[in-house]
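Here is work34.cif, consisting of mmCIF, C-alpha atoms and all ligand atoms:
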```cif
data_final
loop_
_atom_site.label_atom_id
_atom_site.label_comp_id
_atom_site.auth_asym_id
_atom_site.auth_seq_id
_atom_site.Cartn_x
_atom_site.Cartn_y
_atom_site.Cartn_z
CA MET A 1 -34.67 -218.26 41.50
CA ASP A 2 -34.75 -215.52 44.09
CA LYS A 3 -32.49 -216.70 46.87
CA HIS A 4 -34.79 -215.54 49.63
CA MET A 5 -38.21 -216.32 48.41
CA GLY A 6 -39.76 -218.23 45.56
CA TYR A 7 -43.22 -219.27 44.54
CA ASN A 8 -42.86 -222.81 43.37
CA GLU A 9 -46.07 -224.61 43.56
CA GLY A 10 -49.39 -223.73 41.97
CA GLN A 11 -52.20 -225.98 43.18
CA SER A 12 -55.57 -226.71 41.73
CA VAL A 13 -58.71 -226.53 43.84
CA LYS A 14 -61.15 -229.36 43.88
CA SER A 15 -64.73 -228.27 44.35
CA ARG A 16 -66.51 -229.83 47.29
CA ASN A 17 -70.21 -229.88 47.79
CA ASP A 18 -70.63 -229.87 51.49
CA GLY A 19 -67.49 -228.75 53.24
CA PRO A 20 -64.99 -225.92 53.31
CA VAL A 21 -62.76 -225.67 50.27
CA ILE A 22 -59.20 -225.77 51.48
CA GLU A 23 -56.48 -224.80 49.08
CA LEU A 24 -52.90 -225.22 50.23
CA ARG A 25 -50.02 -223.43 48.57
CA VAL A 26 -46.40 -223.93 49.49
CA ILE A 27 -43.60 -221.40 49.20
CA GLU A 28 -39.97 -221.40 50.32
CA VAL A 29 -38.71 -218.84 52.80
CA ALA A 30 -35.14 -218.87 54.12
CA ALA A 31 -35.07 -219.19 57.93
CA GLU A 32 -33.09 -215.97 58.41
CA ARG A 33 -35.98 -214.05 56.83
CA LEU A 34 -38.47 -215.22 59.44
CA THR A 35 -39.27 -212.75 62.20
CA ASP A 36 -40.41 -213.57 65.74
CA GLU A 37 -44.11 -213.56 64.77
CA SER A 38 -43.40 -216.57 62.51
CA LEU A 39 -41.08 -218.57 64.73
CA PRO A 40 -42.23 -221.33 67.10
CA ILE A 41 -40.58 -219.46 69.97
CA ALA A 42 -39.29 -215.92 69.94
CA GLY A 43 -35.61 -215.14 69.70
CA ILE A 44 -34.30 -217.97 67.49
CA ARG A 45 -31.63 -216.51 65.25
CA MET A 46 -30.65 -218.38 62.12
CA GLY A 47 -27.89 -218.17 59.59
CA PRO A 48 -28.52 -218.90 55.90
CA ARG A 49 -29.53 -222.50 55.32
CA GLN A 50 -30.31 -224.15 52.01
CA ILE A 51 -33.71 -225.80 51.60
CA ASP A 52 -33.22 -229.34 50.25
CA PRO A 53 -35.00 -229.39 46.85
CA ARG A 54 -35.89 -233.10 47.17
CA LYS A 55 -37.62 -232.54 50.51
CA PHE A 56 -39.34 -229.49 49.09
CA ALA A 57 -40.62 -231.61 46.21
CA ALA A 58 -41.84 -234.29 48.66
CA LEU A 59 -43.75 -231.62 50.59
CA GLY A 60 -45.19 -230.35 47.29
CA ARG A 61 -46.50 -233.86 46.55
CA LEU A 62 -48.22 -234.01 49.95
CA VAL A 63 -49.83 -230.66 49.29
CA GLU A 64 -51.06 -231.82 45.91
CA ARG A 65 -52.49 -234.96 47.48
CA PHE A 66 -54.22 -232.90 50.17
CA ASN A 67 -55.78 -230.60 47.58
CA SER A 68 -57.17 -233.45 45.53
CA ASP A 69 -58.22 -235.81 48.36
CA GLU A 70 -61.01 -235.14 50.76
CA ASP A 71 -60.75 -235.98 54.45
CA PRO A 72 -64.20 -237.24 55.46
CA VAL A 73 -63.90 -236.07 59.09
CA ILE A 74 -62.79 -232.57 58.11
CA THR A 75 -65.74 -232.34 55.70
CA GLU A 76 -68.27 -233.72 58.19
CA VAL A 77 -67.15 -231.58 61.10
CA PHE A 78 -66.29 -228.31 59.41
CA GLY A 79 -68.96 -228.38 56.68
CA PRO A 80 -71.73 -227.37 59.10
CA LEU A 81 -69.44 -224.86 60.84
CA HIS A 82 -67.93 -223.13 57.81
CA GLY A 83 -70.23 -224.14 54.95
CA GLY A 84 -68.46 -223.96 51.62
CA ARG A 85 -66.15 -221.17 52.80
CA LYS A 86 -62.84 -221.09 51.01
CA PHE A 87 -59.61 -221.27 52.94
CA SER A 88 -56.42 -220.48 51.10
CA VAL A 89 -53.71 -221.67 53.40
CA GLN A 90 -50.13 -220.75 52.86
CA ILE A 91 -47.39 -223.18 53.80
CA VAL A 92 -43.91 -221.87 54.33
CA ALA A 93 -41.13 -224.40 53.81
CA THR A 94 -37.98 -223.41 55.60
CA SER A 95 -34.85 -225.06 56.95
CA GLY A 96 -32.43 -224.72 59.84
CA ILE A 97 -34.67 -223.98 62.84
CA PRO A 98 -33.34 -226.12 65.72
CA ALA A 99 -35.08 -229.27 67.06
CA PRO A 100 -37.75 -230.06 68.14
CA TYR A 101 -39.58 -227.64 65.84
CA ASP A 102 -40.58 -229.58 62.73
CA ALA A 103 -43.94 -227.98 61.97
CA TRP A 104 -46.07 -225.28 63.54
CA THR A 105 -48.73 -222.69 62.79
CA ALA A 106 -47.97 -218.98 63.19
CA THR A 107 -48.33 -215.67 61.41
CA TYR A 108 -46.36 -214.82 58.30
CA ARG A 109 -46.79 -211.33 56.86
CA GLY A 110 -50.07 -210.99 58.70
CA CYS A 111 -51.57 -214.32 57.56
CA LEU A 112 -52.06 -217.48 59.58
CA THR A 113 -49.52 -219.82 57.99
CA MET A 114 -48.30 -223.37 58.35
CA PHE A 115 -44.55 -223.87 58.68
CA PHE A 116 -42.55 -226.96 57.75
CA ASN A 117 -38.95 -226.86 58.94
CA LEU A 118 -37.45 -229.31 56.46
CA SER A 119 -34.09 -229.75 58.20
CA GLU A 120 -36.02 -231.65 60.91
CA TRP A 121 -37.57 -234.00 58.32
CA THR A 122 -36.17 -236.73 56.09
CA GLU A 123 -37.94 -237.53 52.84
CA ALA A 124 -39.02 -240.83 54.41
CA ASP A 125 -40.52 -238.95 57.43
CA LEU A 126 -42.44 -236.69 55.08
CA ASP A 127 -43.84 -239.67 53.20
CA ARG A 128 -44.72 -241.50 56.41
CA SER A 129 -46.18 -238.80 58.63
CA GLY A 130 -46.20 -235.52 56.71
CA PHE A 131 -49.76 -235.98 55.52
CA GLY A 132 -51.07 -236.36 59.08
CA VAL A 133 -49.17 -233.26 60.11
CA LEU A 134 -50.76 -231.32 57.23
CA LYS A 135 -54.21 -232.37 58.42
CA HIS A 136 -53.29 -231.47 61.99
CA GLU A 137 -52.17 -227.98 61.05
CA VAL A 138 -55.13 -227.44 58.69
CA THR A 139 -57.40 -228.31 61.62
CA HIS A 140 -55.83 -225.50 63.67
CA VAL A 141 -56.48 -223.09 60.81
CA LEU A 142 -60.13 -224.21 60.60
CA LEU A 143 -60.60 -224.02 64.37
CA GLU A 144 -58.97 -220.63 64.80
CA PRO A 145 -61.98 -218.47 63.79
CA LEU A 146 -64.39 -220.71 65.75
CA LEU A 147 -62.89 -221.12 69.20
CA ARG A 148 -63.84 -218.62 71.84
CA LYS A 149 -60.81 -217.16 73.49
CA SER A 150 -60.72 -214.87 76.47
CA LYS A 151 -58.40 -211.87 76.05
CA THR A 152 -56.87 -212.47 79.45
CA PRO A 153 -57.17 -216.24 79.95
CA ASP A 154 -56.28 -217.67 83.35
CA ASP A 155 -54.17 -220.82 83.66
CA VAL A 156 -57.14 -223.18 83.71
CA GLU A 157 -58.59 -221.57 80.59
CA LEU A 158 -55.22 -221.90 78.87
CA LEU A 159 -55.11 -225.61 79.67
CA ASP A 160 -58.74 -226.04 78.55
CA SER A 161 -57.90 -224.46 75.21
CA ILE A 162 -54.85 -226.73 74.71
CA VAL A 163 -57.02 -229.80 75.35
CA MET A 164 -59.61 -228.51 72.90
CA ASP A 165 -57.48 -227.12 70.08
CA GLU A 166 -54.63 -229.66 70.20
CA GLY A 167 -57.00 -232.50 71.00
CA ILE A 168 -59.12 -232.06 67.88
CA ALA A 169 -56.05 -231.38 65.71
CA HIS A 170 -54.31 -234.51 67.02
CA PHE A 171 -57.42 -236.60 66.42
CA ILE A 172 -57.96 -235.40 62.86
CA GLY A 173 -54.25 -235.66 62.04
CA CYS A 174 -53.84 -239.11 63.58
CA PRO A 175 -53.05 -241.55 60.74
CA ASP A 176 -54.76 -244.48 62.49
CA ARG A 177 -57.53 -242.57 64.19
CA SER A 178 -60.11 -245.33 63.75
CA SER A 179 -58.11 -247.81 65.85
CA LEU A 180 -56.91 -245.27 68.43
CA LEU A 181 -59.41 -246.08 71.16
CA LYS A 182 -58.99 -249.81 70.78
CA GLU A 183 -55.22 -250.00 70.64
CA LYS A 184 -53.97 -247.14 72.75
CA ALA A 185 -56.51 -246.96 75.59
CA ALA A 186 -53.82 -247.23 78.29
CA ARG A 187 -52.20 -244.04 76.94
CA TRP A 188 -55.47 -242.22 77.45
CA GLU A 189 -55.65 -243.14 81.13
CA THR A 190 -52.08 -241.99 81.77
CA ALA A 191 -52.68 -238.66 80.05
CA GLU A 192 -55.99 -238.04 81.84
CA GLN A 193 -54.38 -238.71 85.22
CA GLU A 194 -51.67 -236.23 84.46
CA LEU A 195 -54.22 -233.72 83.22
CA GLU A 196 -56.19 -234.03 86.44
CA LYS A 197 -53.04 -233.41 88.48
CA ALA A 198 -52.22 -230.41 86.30
CA TYR A 199 -55.64 -228.83 86.88
CA ALA A 200 -55.18 -229.37 90.63
CA GLY A 201 -51.75 -227.74 90.43
CA LEU A 202 -53.02 -224.75 88.46
CA ASN A 203 -55.82 -224.27 91.00
CA ASP A 204 -53.38 -224.46 93.91
CA GLY A 205 -52.74 -220.92 95.14
CA ARG A 206 -49.48 -221.97 96.81
CA LEU A 207 -47.85 -223.45 93.71
CA PRO A 208 -45.12 -221.08 92.42
CA ARG A 209 -45.65 -219.27 89.12
CA GLU A 210 -42.82 -221.13 87.34
CA ARG A 211 -44.20 -224.53 88.32
CA LYS A 212 -47.55 -223.56 86.81
CA ALA A 213 -45.84 -222.33 83.64
CA ALA A 214 -44.02 -225.67 83.40
CA LEU A 215 -47.30 -227.59 83.78
CA LEU A 216 -48.80 -225.60 80.91
CA ARG A 217 -45.72 -225.99 78.75
CA ARG A 218 -45.64 -229.76 79.18
CA ALA A 219 -49.31 -230.05 78.21
CA ASN A 220 -48.47 -229.68 74.52
CA THR A 221 -44.69 -229.94 74.12
CA GLY A 222 -42.21 -232.79 74.32
CA SER A 223 -42.43 -236.24 72.82
CA PHE A 224 -45.78 -237.36 71.42
CA TRP A 225 -47.25 -239.39 74.28
CA ASP A 226 -45.90 -237.04 76.96
CA LYS A 227 -48.03 -234.11 75.78
CA TYR A 228 -50.73 -234.93 78.31
CA GLY A 229 -53.05 -232.06 77.31
CA SER A 230 -52.91 -232.83 73.58
CA ILE A 231 -53.18 -236.58 74.17
CA SER A 232 -56.14 -236.37 76.57
CA GLY A 233 -57.86 -234.10 74.08
CA MET A 234 -57.11 -236.44 71.18
CA PHE A 235 -58.75 -239.38 72.95
CA ARG A 236 -61.68 -237.24 74.14
CA ALA A 237 -62.27 -236.16 70.54
CA ALA A 238 -61.97 -239.75 69.30
CA LYS A 239 -64.44 -241.00 71.91
CA LEU A 240 -66.87 -238.17 71.27
CA TYR A 241 -66.72 -238.89 67.55
CA LYS A 242 -67.32 -242.56 68.21
CA ILE A 243 -70.37 -241.94 70.41
CA LYS A 244 -71.99 -238.96 68.70
CA GLY A 245 -70.26 -238.73 65.34
CA ALA A 246 -69.44 -235.35 63.82
CA ASP A 247 -72.28 -233.73 65.82
CA GLY A 248 -70.37 -234.37 69.03
CA LEU A 249 -67.29 -232.54 67.78
CA ILE A 250 -69.38 -229.74 66.25
CA GLU A 251 -71.04 -229.12 69.60
CA ALA A 252 -67.68 -229.17 71.39
CA ILE A 253 -66.31 -226.59 68.96
CA ARG A 254 -69.43 -224.40 69.20
CA THR A 255 -69.21 -224.34 72.99
CA SER A 256 -65.38 -224.36 73.08
CA LYS A 257 -65.53 -227.18 75.62
CA LEU A 258 -64.11 -230.66 75.31
CA PRO A 259 -64.89 -232.49 78.57
CA ARG A 260 -64.17 -236.20 78.96
CA PRO A 261 -67.10 -238.02 77.33
ZN ZN B 1 -51.09 -228.54 67.08
#
```

Render the structure in this file as structure tokens.
Amino acid sequence: MDKHMGYNEGQSVKSRNDGPVIELRVIEVAAERLTDESLPIAGIRMGPRQIDPRKFAALGRLVERFNSDEDPVITEVFGPLHGGRKFSVQIVATSGIPAPYDAWTATYRGCLTMFFNLSEWTEADLDRSGFGVLKHEVTHVLLEPLLRKSKTPDDVELLDSIVMDEGIAHFIGCPDRSSLLKEKAARWETAEQELEKAYAGLNDGRLPRERKAALLRRANTGSFWDKYGSISGMFRAAKLYKIKGADGLIEAIRTSKLPRP
């Protein structure tokens, strides 16, 4: 096989009546071939690093399962927004990007692409949480053409869009999303309090530029429960879905606003 790039997995498409048709395909790309547009942060430089064939096969199985299963929330929410539109989503499997970057969405050769950095995964991790991560990243791909984005967003708009985009992706990708509100309510409060403080900080004219940048960075990076922007958004999406069903999320996406319900 070509050392740098191979096409390994051909996937079948299942026809769906009332939602977007999402077809995932996974290819291998060596980390040293990735340019800044594809990397989670610019400037990472990698040496050659072998992609573990067993992990690649485990990822291939997840992709197959995704293509043949239907996620009811994805169908309900994105059916009315995208109709039966077809999304062919490319997944790049790579290896050797440093922690904490295990999966992200970025551009590869001009196409919005999902990346799995397999050196940050064990086969057991892939089996346990890889499927949720696939759904999370697919949600970003589905949201991307729908969310209104200002060309020159201010700090508050940037935080709003993290809450919205990451919030819905975290909700849809959450493996136990139906019990989230019942079992993790205390986490929601903590995240909302931090979010409120962050908005106050971003609106404070005296707060130095680098402190504001740090507030924005922490909103969606770090360990799971510390990502206060993503976590607040996840619970907001869960609550909205509970109260209003898919219509609540559809309206949030249409207006690009995810306030606390
Ligand atoms: Zn995300």

Near stretch 191-207 of chain A, counting only C-alpha atoms, which residues have an atom at most 10 Å away, once you skip same-chain residues fewer than 2 positions from it, shown as a PyMOL selection string? chain A and resi 154-156+159-160+163+186-189+209-216+218-219+225-233+235-236+260

Option closest in space to A:Gln90, from A:Phe171, A:Trp121, A:Phe78, A:Phe115 [counting all atoms listed in the file]: A:Phe115

Could I get the residue neighbourhood of ligand ZN 1 (chain B) at 9 Å, counting all atoms listed in the file, as an mmCIF file with C-alpha atoms, in the frame of the given file?
```cif
data_model
loop_
_atom_site.group_PDB
_atom_site.id
_atom_site.type_symbol
_atom_site.label_atom_id
_atom_site.label_comp_id
_atom_site.auth_asym_id
_atom_site.auth_seq_id
_atom_site.Cartn_x
_atom_site.Cartn_y
_atom_site.Cartn_z
ATOM 1 C CA ALA A 103 -43.940 -227.980 61.970
ATOM 2 C CA TRP A 104 -46.070 -225.280 63.540
ATOM 3 C CA THR A 105 -48.730 -222.690 62.790
ATOM 4 C CA VAL A 133 -49.170 -233.260 60.110
ATOM 5 C CA HIS A 136 -53.290 -231.470 61.990
ATOM 6 C CA GLU A 137 -52.170 -227.980 61.050
ATOM 7 C CA THR A 139 -57.400 -228.310 61.620
ATOM 8 C CA HIS A 140 -55.830 -225.500 63.670
ATOM 9 C CA ILE A 162 -54.850 -226.730 74.710
ATOM 10 C CA ASP A 165 -57.480 -227.120 70.080
ATOM 11 C CA GLU A 166 -54.630 -229.660 70.200
ATOM 12 C CA GLY A 167 -57.000 -232.500 71.000
ATOM 13 C CA ILE A 168 -59.120 -232.060 67.880
ATOM 14 C CA ALA A 169 -56.050 -231.380 65.710
ATOM 15 C CA HIS A 170 -54.310 -234.510 67.020
ATOM 16 C CA ASN A 220 -48.470 -229.680 74.520
ATOM 17 C CA SER A 230 -52.910 -232.830 73.580
#
```

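Distance check against A:Pro72 using all atoms listed in the file: of A:Ala99, A:Val138, A:Ile172, A:Ala237, the minimum falls on A:Ile172.
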
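One finds atom CA of A:Phe66 at 23.9 Å from atom CA of A:Gly110.
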
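Ranking A:Ile44, A:Val29, A:Leu146, A:Leu112 by their shortest atom-to-atom distance to A:Ser95, with only C-alpha atoms included, puts A:Val29 first.
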
I'd like the interatomic distance between atom CA of A:Glu144 and atom CA of A:Gly130, to a tenth of an Å. 21.2 Å

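Closest to A:Arg85 among A:Arg128, A:Phe116, A:Asp18, A:Ala30 is A:Asp18, based on all atoms listed in the file.
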
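Selection around (-37.0, -218.2, 66.8) with radius 12 Å, counting all atoms listed in the file, yields the residues Ala31, Glu32, Arg33, Leu34, Thr35, Asp36, Glu37, Ser38, Leu39, Pro40, Ile41, Ala42, Gly43, Ile44, Arg45, Met46, Gly47, Gly96, Ile97, Pro98, Ala99, Pro100, Tyr101, Trp104, Ala106 and Asn117 of chain A.
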
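Shortest atom-to-atom contact with A:Val89 among A:Ile22, A:Ala57, A:Leu118, A:Ile74: A:Ile22, counting only C-alpha atoms.
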
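Taking atom CA of A:Lys86 and atom CA of A:Gly132 as endpoints, the distance between them is 20.9 Å.
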
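For the choices A:Asn67, A:Lys257, A:Pro208, A:Asp127, the atom-to-atom distance to A:Glu157 is smallest for A:Lys257 when using only C-alpha atoms.
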